[in-house]
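Single-structure report; data block below.
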Amino acid sequence: MKIKIKRYNKEKNEQTTIEEYSVNHNETILNSLIEVKTKYDNSLGFRCGCKSGVCGSCAIRVNGVEKLACKTHLEDEDLIEPIKNTEVLKDLIVSLHHEESLLKIGHTFLNSNSLETITKEDEKKIDRQSNCILCQSCYSSCPVYEVNKEFLGPYTLTRALRYVNDKKESAPLEILKNIQTNGIWDCTLCGYCTIACPQFIDPKSDIMSLRMKSVQNGFEDKSLSAFNSSFDLGFNNDFGFNPNGF
Ligand code: SF4
Ligand code: SF4
Ligand code: FES
């Protein structure tokens, strides 16, 4: 069986190449990468931790689609590439620095700990979003993040909803405030992040929930309010006819 791997080394400023290797049948992609490293080229760069879909470190793209290397079986001639929209350091290893800084900008963590009693029902409300393993597959698939690196992006926004809904968070409005700019209103709701997520988290619908909560709390999409104020919606017969037909 053949595996094709995109190779690049930032330090050496090398040309990007696609290298092909023969590997064993019926293995996960992670095992095939380990085989390539031990059998052919010890310099091959990739990340792995838990080897069981828990740590999120082995996210890659397989034929253009985001996958976890330890949870995906290799098919013949698969092309393995690093995840997109972030800096490639070496082969399949990418920089995680910028995306981590977005969590800080969005303040999507427990800002102030309330003394509320947490029930099982309360836990259930944040269960799904709490399963994020920070693998970055959603950022790799996001077309808005591709063109705007200031966009807070899917996992920061999913985590925002997690803490807005967390009874332990006593200042959820602060989180909502922090995600208005370069945040929930910039998403096109394309849903690619939802398809890419190996944890079956749904950042698209989380963003829709955050929009609803924002409106309920007096926030609005600033781009729309600017549009409305610059456009007279009155039908003062500028059209020369009644658009309602009576
Ligand atoms: S739904 Fe929004 S956050 Fe998700 S990939 Fe599309 S633009 Fe990005
Ligand atoms: S939301 Fe899903 S795809 Fe995005 S980082 Fe978390 S686990 Fe990965
Ligand atoms: S090695 Fe941890 S998720 Fe794959």
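We name chains A, B, ... following the order of the structure tokens; residues begin at 1 in each chain, and ligands are numbered from 1 as shown.
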Set the distance at 12 Å and use only C-alpha atoms: which residues neighbour Tyr40 in chain A once local chain neighbours fewer than 2 positions away are removed? I'd like the list as a PyMOL selection string.
chain A and resi 19-23+32-38+42-44
Residues within 9 Å of ligand 1 should be enumerated using only C-alpha atoms and all ligand atoms and returned as a count of residues only.
33
Could you pull out all residues of range 17-120 of chain A with a DSSP call of helix (DSSP H, G or I) and give them as a count of residues only?
25
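Nearest to ligand 2 of all the residues A:Arg47, A:Arg162, A:Lys177, A:Lys168 is A:Arg162, counting only C-alpha atoms and all ligand atoms.
Checking A:Thr108, A:Asn113, A:Asn148, A:Ser57 one by one against ligand 2, counting only C-alpha atoms and all ligand atoms, you find the shortest gap at A:Ser57.
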What do you get as JSON, numbers by chain if you pick all residues at most 6 Å from ligand 3, counting only C-alpha atoms and all ligand atoms?
{"A": [48, 49, 50, 51, 52, 53, 54, 55, 56, 57, 58, 68, 69, 70]}
Same residues, all heavy atoms, output as a PDB file, in the first residue's frame:
```pdb
ATOM      1  N   CYS A  48       1.790  13.339  17.761  1.00  0.00           N
ATOM      2  CA  CYS A  48       0.825  12.379  18.299  1.00  0.00           C
ATOM      3  C   CYS A  48       1.003  12.306  19.803  1.00  0.00           C
ATOM      4  O   CYS A  48       2.098  12.558  20.319  1.00  0.00           O
ATOM      5  CB  CYS A  48       0.974  11.008  17.648  1.00  0.00           C
ATOM      6  SG  CYS A  48       2.228   9.960  18.328  1.00  0.00           S
ATOM      7  N   GLY A  49      -0.096  12.022  20.477  1.00  0.00           N
ATOM      8  CA  GLY A  49      -0.032  11.928  21.937  1.00  0.00           C
ATOM      9  C   GLY A  49      -0.717  10.669  22.399  1.00  0.00           C
ATOM     10  O   GLY A  49      -0.114   9.623  22.563  1.00  0.00           O
ATOM     11  N   CYS A  50      -2.050  10.743  22.517  1.00  0.00           N
ATOM     12  CA  CYS A  50      -2.818   9.659  23.139  1.00  0.00           C
ATOM     13  C   CYS A  50      -2.981   8.423  22.258  1.00  0.00           C
ATOM     14  O   CYS A  50      -3.207   7.331  22.751  1.00  0.00           O
ATOM     15  CB  CYS A  50      -4.199  10.182  23.500  1.00  0.00           C
ATOM     16  SG  CYS A  50      -5.171  10.625  22.034  1.00  0.00           S
ATOM     17  N   LYS A  51      -2.901   8.571  20.953  1.00  0.00           N
ATOM     18  CA  LYS A  51      -3.143   7.490  19.976  1.00  0.00           C
ATOM     19  C   LYS A  51      -4.553   6.920  20.093  1.00  0.00           C
ATOM     20  O   LYS A  51      -4.804   5.784  19.688  1.00  0.00           O
ATOM     21  CB  LYS A  51      -2.115   6.357  20.120  1.00  0.00           C
ATOM     22  CG  LYS A  51      -0.697   6.789  19.847  1.00  0.00           C
ATOM     23  CD  LYS A  51       0.232   5.606  19.848  1.00  0.00           C
ATOM     24  CE  LYS A  51       1.669   6.049  19.627  1.00  0.00           C
ATOM     25  NZ  LYS A  51       2.612   4.979  19.821  1.00  0.00           N
ATOM     26  N   SER A  52      -5.472   7.660  20.696  1.00  0.00           N
ATOM     27  CA  SER A  52      -6.829   7.124  20.844  1.00  0.00           C
ATOM     28  C   SER A  52      -7.908   8.197  20.695  1.00  0.00           C
ATOM     29  O   SER A  52      -8.974   8.074  21.299  1.00  0.00           O
ATOM     30  CB  SER A  52      -6.957   6.412  22.192  1.00  0.00           C
ATOM     31  OG  SER A  52      -6.604   7.298  23.225  1.00  0.00           O
ATOM     32  N   GLY A  53      -7.631   9.252  19.929  1.00  0.00           N
ATOM     33  CA  GLY A  53      -8.668  10.239  19.618  1.00  0.00           C
ATOM     34  C   GLY A  53      -9.037  11.162  20.761  1.00  0.00           C
ATOM     35  O   GLY A  53     -10.119  11.744  20.748  1.00  0.00           O
ATOM     36  N   VAL A  54      -8.163  11.309  21.735  1.00  0.00           N
ATOM     37  CA  VAL A  54      -8.515  12.116  22.903  1.00  0.00           C
ATOM     38  C   VAL A  54      -7.745  13.440  22.972  1.00  0.00           C
ATOM     39  O   VAL A  54      -8.282  14.467  23.397  1.00  0.00           O
ATOM     40  CB  VAL A  54      -8.262  11.304  24.206  1.00  0.00           C
ATOM     41  CG1 VAL A  54      -8.532  12.136  25.435  1.00  0.00           C
ATOM     42  CG2 VAL A  54      -9.139  10.058  24.226  1.00  0.00           C
ATOM     43  N   CYS A  55      -6.492  13.438  22.530  1.00  0.00           N
ATOM     44  CA  CYS A  55      -5.660  14.637  22.753  1.00  0.00           C
ATOM     45  C   CYS A  55      -5.753  15.661  21.622  1.00  0.00           C
ATOM     46  O   CYS A  55      -5.421  16.831  21.805  1.00  0.00           O
ATOM     47  CB  CYS A  55      -4.209  14.238  22.972  1.00  0.00           C
ATOM     48  SG  CYS A  55      -3.362  13.671  21.477  1.00  0.00           S
ATOM     49  N   GLY A  56      -6.190  15.259  20.444  1.00  0.00           N
ATOM     50  CA  GLY A  56      -6.360  16.198  19.327  1.00  0.00           C
ATOM     51  C   GLY A  56      -5.080  16.581  18.614  1.00  0.00           C
ATOM     52  O   GLY A  56      -5.104  17.385  17.684  1.00  0.00           O
ATOM     53  N   SER A  57      -3.949  16.013  19.024  1.00  0.00           N
ATOM     54  CA  SER A  57      -2.671  16.490  18.468  1.00  0.00           C
ATOM     55  C   SER A  57      -2.378  15.974  17.054  1.00  0.00           C
ATOM     56  O   SER A  57      -1.538  16.531  16.364  1.00  0.00           O
ATOM     57  CB  SER A  57      -1.526  16.084  19.400  1.00  0.00           C
ATOM     58  OG  SER A  57      -1.392  14.684  19.410  1.00  0.00           O
ATOM     59  N   CYS A  58      -3.062  14.916  16.619  1.00  0.00           N
ATOM     60  CA  CYS A  58      -2.674  14.281  15.354  1.00  0.00           C
ATOM     61  C   CYS A  58      -3.539  14.704  14.169  1.00  0.00           C
ATOM     62  O   CYS A  58      -3.559  14.016  13.139  1.00  0.00           O
ATOM     63  CB  CYS A  58      -2.695  12.759  15.502  1.00  0.00           C
ATOM     64  SG  CYS A  58      -4.369  12.123  15.729  1.00  0.00           S
ATOM     65  N   LEU A  68      -8.446  12.800  12.189  1.00  0.00           N
ATOM     66  CA  LEU A  68      -7.442  12.465  13.196  1.00  0.00           C
ATOM     67  C   LEU A  68      -6.671  11.254  12.674  1.00  0.00           C
ATOM     68  O   LEU A  68      -7.275  10.230  12.339  1.00  0.00           O
ATOM     69  CB  LEU A  68      -8.105  12.121  14.530  1.00  0.00           C
ATOM     70  CG  LEU A  68      -8.836  13.257  15.257  1.00  0.00           C
ATOM     71  CD1 LEU A  68      -9.435  12.751  16.568  1.00  0.00           C
ATOM     72  CD2 LEU A  68      -7.922  14.452  15.513  1.00  0.00           C
ATOM     73  N   ALA A  69      -5.350  11.357  12.629  1.00  0.00           N
ATOM     74  CA  ALA A  69      -4.535  10.271  12.061  1.00  0.00           C
ATOM     75  C   ALA A  69      -4.691   8.968  12.839  1.00  0.00           C
ATOM     76  O   ALA A  69      -4.642   7.880  12.266  1.00  0.00           O
ATOM     77  CB  ALA A  69      -3.066  10.696  12.032  1.00  0.00           C
ATOM     78  N   CYS A  70      -4.922   9.075  14.167  1.00  0.00           N
ATOM     79  CA  CYS A  70      -5.001   7.851  14.969  1.00  0.00           C
ATOM     80  C   CYS A  70      -6.362   7.173  14.872  1.00  0.00           C
ATOM     81  O   CYS A  70      -6.527   6.050  15.338  1.00  0.00           O
ATOM     82  CB  CYS A  70      -4.660   8.153  16.430  1.00  0.00           C
ATOM     83  SG  CYS A  70      -5.862   9.201  17.254  1.00  0.00           S
TER      84      CYS A  70
END
```
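Using only C-alpha atoms and all ligand atoms, the nearest neighbour of ligand 2 within the list A:Leu115, A:Ser170, A:Ile60, A:Glu27 is A:Ile60.
Minimum atom-to-atom distance to ligand 2, evaluated using only C-alpha atoms and all ligand atoms, belongs to A:Gln129 out of A:Gln129, A:Asn31, A:Asn85, A:Asn217.
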Within 6 Å of ligand 2, which residues of chain A show up? Give each one with its shortest atom-to-atom distance in Å (one decimal) and the two atoms involved, counting only C-alpha atoms and all ligand atoms, rows by chain then rising residue number, as a tab-separated table.
```
residue	atom	partner	partner_atom_place_in_ligand_line	distance
A:Cys132	CA	ligand 2	6 (Fe)	3.7
A:Ile133	CA	ligand 2	7 (S)	4.5
A:Leu134	CA	ligand 2	5 (S)	3.6
A:Cys135	CA	ligand 2	8 (Fe)	4.0
A:Gln136	CA	ligand 2	5 (S)	4.1
A:Ser137	CA	ligand 2	3 (S)	4.3
A:Cys138	CA	ligand 2	3 (S)	4.1
A:Tyr155	CA	ligand 2	1 (S)	4.5
A:Ala196	CA	ligand 2	3 (S)	5.8
A:Cys197	CA	ligand 2	3 (S)	3.6
A:Pro198	CA	ligand 2	2 (Fe)	5.8
A:Gln199	CA	ligand 2	7 (S)	5.1
A:Ile201	CA	ligand 2	2 (Fe)	5.5
```
Residues near Asp127 in chain A, anyone? I mean within 12 Å using only C-alpha atoms, not counting same-chain ones fewer than 4 positions away, as number ranges by chain.
A: 120-123, 131-132, 158-159, 161-163, 165-166, 199-201
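In this structure, CA of Thr181 in chain A sits 21.1 Å away from CA of Thr86 in chain A.
Using only C-alpha atoms, the protein and nucleic acid residues lying no more than 12 Å from Gln15 in chain A, apart from those fewer than 6 places from it along its own chain, are Lys6, Arg7, Tyr8, Asn9, Lys90 and Asp91 of chain A.
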Take the selection from the previous step and output its residues with N, CA and C atoms, as a PDB file, in the first residue's frame.
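Saved file again_4.pdb follows:
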```pdb
ATOM      1  N   LYS A   6       2.867  15.149   2.202  1.00  0.00           N
ATOM      2  CA  LYS A   6       3.400  16.471   1.844  1.00  0.00           C
ATOM      3  C   LYS A   6       4.540  16.806   2.809  1.00  0.00           C
ATOM      4  N   ARG A   7       5.702  17.127   2.265  1.00  0.00           N
ATOM      5  CA  ARG A   7       6.872  17.401   3.110  1.00  0.00           C
ATOM      6  C   ARG A   7       7.332  18.856   2.951  1.00  0.00           C
ATOM      7  N   TYR A   8       7.738  19.454   4.080  1.00  0.00           N
ATOM      8  CA  TYR A   8       8.232  20.834   4.060  1.00  0.00           C
ATOM      9  C   TYR A   8       8.981  21.077   5.361  1.00  0.00           C
ATOM     10  N   ASN A   9      10.051  21.866   5.291  1.00  0.00           N
ATOM     11  CA  ASN A   9      10.774  22.206   6.512  1.00  0.00           C
ATOM     12  C   ASN A   9      11.009  23.709   6.531  1.00  0.00           C
ATOM     13  N   LYS A  90       6.963  21.941  10.154  1.00  0.00           N
ATOM     14  CA  LYS A  90       7.712  20.825   9.583  1.00  0.00           C
ATOM     15  C   LYS A  90       6.753  19.703   9.199  1.00  0.00           C
ATOM     16  N   ASP A  91       6.700  19.409   7.935  1.00  0.00           N
ATOM     17  CA  ASP A  91       5.848  18.324   7.416  1.00  0.00           C
ATOM     18  C   ASP A  91       4.398  18.472   7.905  1.00  0.00           C
TER      19      ASP A  91
END
```
Using only C-alpha atoms, can you tell me which of A:Glu99, A:Asp76, A:Lys4, A:Thr17 comes closest to Arg61 in chain A?
A:Lys4
From A:Leu74, A:Ile18, A:Met208, A:Met1, residue lying nearest Leu30 in chain A [only C-alpha atoms]:
A:Leu74
A straight line from CA of Met212 in chain A to CA of Ala160 in chain A spans 13.4 Å
